[in-house]
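Peer 1: The structure under discussion is supplied below as structure tokens; questions concerning it will follow.
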Amino acid sequence: MQFVGKHKKEHIRNHLMQQLENLAYRCAIDEFEHLMYDRKLSRVQLCKLWAEISNRYIPWNRISLEDIHQGKCWSHQTYIVERPFYYIQYDIAQISIYEFYLKMKNKQE
């Protein structure tokens, strides 16, 4: 951590916060994928579904009504179609990292 110098704690905190936000996003993706492949929905219906799920998991990332009606609020995420259910593996790995981090932190105290 030499490259962050005296800002080490701030860097670690910011990194953890960013990863928590990513965790919420990937959980939203996982729920969306399950419902997307379970139902036969149009592009606009899928966009409405994504907006509902997204608002629950990542409410700070609002989706405009225009994007919903045009059906373009999720389709730029090609991995949903190219590699379905792949993203949740990142969450499992991230949660394991949190466990290691907490154990390491508890040993230091």
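Just so we're on the same page: first chain in the structure tokens is A, next is B, and so on; residues restart at 1 for each chain, and ligands are numbered from 1 in the order they show up.
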Find the residues around Ile80 (chain A) up to 8 Å (only C-alpha atoms counted), leave out those fewer than 5 positions away in its own chain, and share them as a list in words.
Peer 2: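 The residues that qualify are Ile29, Glu33 and Phe85 of chain A.
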Peer 1: Just write the chosen residues, N, CA, C and O atoms, as a PDB file, in the first residue's frame.
Peer 2:
ATOM      1  N   ILE A  29     -28.636  -7.837 -10.711  1.00  0.00           N
ATOM      2  CA  ILE A  29     -28.448  -8.548 -11.978  1.00  0.00           C
ATOM      3  C   ILE A  29     -28.892  -9.999 -11.838  1.00  0.00           C
ATOM      4  O   ILE A  29     -29.592 -10.539 -12.696  1.00  0.00           O
ATOM      5  N   GLU A  33     -31.812 -11.725 -13.973  1.00  0.00           N
ATOM      6  CA  GLU A  33     -31.560 -12.859 -14.862  1.00  0.00           C
ATOM      7  C   GLU A  33     -32.519 -14.012 -14.591  1.00  0.00           C
ATOM      8  O   GLU A  33     -33.046 -14.612 -15.527  1.00  0.00           O
ATOM      9  N   PHE A  85     -26.009 -15.787 -15.460  1.00  0.00           N
ATOM     10  CA  PHE A  85     -25.733 -16.313 -14.122  1.00  0.00           C
ATOM     11  C   PHE A  85     -24.242 -16.399 -13.810  1.00  0.00           C
ATOM     12  O   PHE A  85     -23.836 -17.084 -12.886  1.00  0.00           O
TER      13      PHE A  85
END
Peer 1: Excluding Pro59 (chain A) and any residue of its chain fewer than 5 positions from it, enumerate the residues within 12 Å of it, using only C-alpha atoms, and give them as a count of residues only.
Peer 2: 9
Peer 1: Can you check which residues of region 52-87 of chain A DSSP gives as helix (DSSP H, G or I) on the backbone and send them as a PyMOL selection string?
Peer 2: chain A and resi 52-57+65-70+79-82
Peer 1: Neighbours of Tyr86 (chain A) within 12 Å (only C-alpha atoms; same-chain residues fewer than 6 positions away dropped), as a PyMOL selection string?
Peer 2: chain A and resi 26-27+29-30+33-34+78-80+92-93
Peer 1: Would you write out those residues with all heavy atoms, as a tab-separated table (two decimals), in the first residue's frame?
Peer 2:
chain	number	residue	atom	x	y	z
A	26	ARG	N	-24.71	-6.43	-8.49
A	26	ARG	CA	-24.66	-7.79	-9.00
A	26	ARG	C	-25.80	-8.64	-8.47
A	26	ARG	O	-26.29	-9.54	-9.16
A	26	ARG	CB	-23.29	-8.41	-8.68
A	26	ARG	CG	-22.18	-7.77	-9.51
A	26	ARG	CD	-20.86	-8.47	-9.35
A	26	ARG	NE	-20.37	-8.52	-7.99
A	26	ARG	CZ	-19.39	-7.76	-7.52
A	26	ARG	NH1	-18.79	-6.88	-8.29
A	26	ARG	NH2	-18.99	-7.88	-6.27
A	27	CYS	N	-26.27	-8.36	-7.27
A	27	CYS	CA	-27.46	-9.06	-6.75
A	27	CYS	C	-28.69	-8.69	-7.58
A	27	CYS	O	-29.53	-9.55	-7.87
A	27	CYS	CB	-27.69	-8.73	-5.28
A	27	CYS	SG	-26.51	-9.53	-4.17
A	29	ILE	N	-28.64	-7.84	-10.71
A	29	ILE	CA	-28.45	-8.55	-11.98
A	29	ILE	C	-28.89	-10.00	-11.84
A	29	ILE	O	-29.59	-10.54	-12.70
A	29	ILE	CB	-26.97	-8.49	-12.44
A	29	ILE	CG1	-26.59	-7.08	-12.85
A	29	ILE	CG2	-26.70	-9.48	-13.57
A	29	ILE	CD1	-27.23	-6.58	-14.12
A	30	ASP	N	-28.51	-10.64	-10.75
A	30	ASP	CA	-28.87	-12.04	-10.56
A	30	ASP	C	-30.38	-12.22	-10.49
A	30	ASP	O	-30.93	-13.12	-11.14
A	30	ASP	CB	-28.21	-12.60	-9.29
A	30	ASP	CG	-28.42	-14.09	-9.16
A	30	ASP	OD1	-27.94	-14.84	-10.04
A	30	ASP	OD2	-29.08	-14.51	-8.19
A	33	GLU	N	-31.81	-11.72	-13.97
A	33	GLU	CA	-31.56	-12.86	-14.86
A	33	GLU	C	-32.52	-14.01	-14.59
A	33	GLU	O	-33.05	-14.61	-15.53
A	33	GLU	CB	-30.12	-13.34	-14.71
A	33	GLU	CG	-29.11	-12.43	-15.34
A	33	GLU	CD	-27.68	-12.86	-15.08
A	33	GLU	OE1	-27.41	-13.48	-14.03
A	33	GLU	OE2	-26.85	-12.56	-15.94
A	34	HIS	N	-32.75	-14.31	-13.33
A	34	HIS	CA	-33.67	-15.40	-13.01
A	34	HIS	C	-35.06	-15.13	-13.57
A	34	HIS	O	-35.68	-16.02	-14.16
A	34	HIS	CB	-33.74	-15.62	-11.49
A	34	HIS	CG	-32.59	-16.40	-10.96
A	34	HIS	ND1	-32.51	-17.76	-11.03
A	34	HIS	CD2	-31.44	-15.99	-10.37
A	34	HIS	CE1	-31.38	-18.17	-10.50
A	34	HIS	NE2	-30.71	-17.12	-10.08
A	78	THR	N	-24.37	-6.67	-22.00
A	78	THR	CA	-24.37	-7.85	-22.86
A	78	THR	C	-24.08	-9.15	-22.13
A	78	THR	O	-24.51	-10.22	-22.57
A	78	THR	CB	-23.35	-7.69	-24.00
A	78	THR	OG1	-22.06	-7.44	-23.44
A	78	THR	CG2	-23.73	-6.52	-24.90
A	79	TYR	N	-23.39	-9.09	-21.00
A	79	TYR	CA	-23.05	-10.31	-20.28
A	79	TYR	C	-24.30	-11.03	-19.77
A	79	TYR	O	-24.26	-12.23	-19.53
A	79	TYR	CB	-22.10	-10.02	-19.11
A	79	TYR	CG	-22.59	-8.94	-18.21
A	79	TYR	CD1	-23.49	-9.20	-17.20
A	79	TYR	CD2	-22.16	-7.62	-18.39
A	79	TYR	CE1	-23.96	-8.20	-16.39
A	79	TYR	CE2	-22.62	-6.62	-17.58
A	79	TYR	CZ	-23.53	-6.91	-16.58
A	79	TYR	OH	-23.99	-5.92	-15.78
A	80	ILE	N	-25.41	-10.32	-19.63
A	80	ILE	CA	-26.66	-10.96	-19.18
A	80	ILE	C	-27.10	-12.00	-20.21
A	80	ILE	O	-27.63	-13.05	-19.85
A	80	ILE	CB	-27.76	-9.91	-18.95
A	80	ILE	CG1	-27.40	-9.04	-17.75
A	80	ILE	CG2	-29.12	-10.57	-18.75
A	80	ILE	CD1	-28.36	-7.89	-17.51
A	92	ILE	N	-20.10	-14.17	-4.72
A	92	ILE	CA	-19.66	-15.23	-3.81
A	92	ILE	C	-18.19	-15.03	-3.45
A	92	ILE	O	-17.81	-15.11	-2.28
A	92	ILE	CB	-19.92	-16.61	-4.45
A	92	ILE	CG1	-21.44	-16.83	-4.59
A	92	ILE	CG2	-19.27	-17.72	-3.63
A	92	ILE	CD1	-21.81	-18.00	-5.47
A	93	ALA	N	-17.38	-14.72	-4.45
A	93	ALA	CA	-15.96	-14.46	-4.19
A	93	ALA	C	-15.78	-13.23	-3.31
A	93	ALA	O	-14.96	-13.23	-2.38
A	93	ALA	CB	-15.21	-14.28	-5.51
Peer 1: As a list in words, please: the residues near region 14-19 of chain A (cut-off 12 Å, only C-alpha atoms, same-chain neighbours under 2 positions excluded).
Peer 2: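 The residues that qualify are His7, Lys8, Lys9, Glu10, His11, Ile12, Glu21, Asn22, Leu23, Ala24, Tyr25, Arg26, Tyr90, Asp91, Ala93, Gln94, Ile95, Ile97, Tyr98, Tyr101 and Leu102 of chain A.
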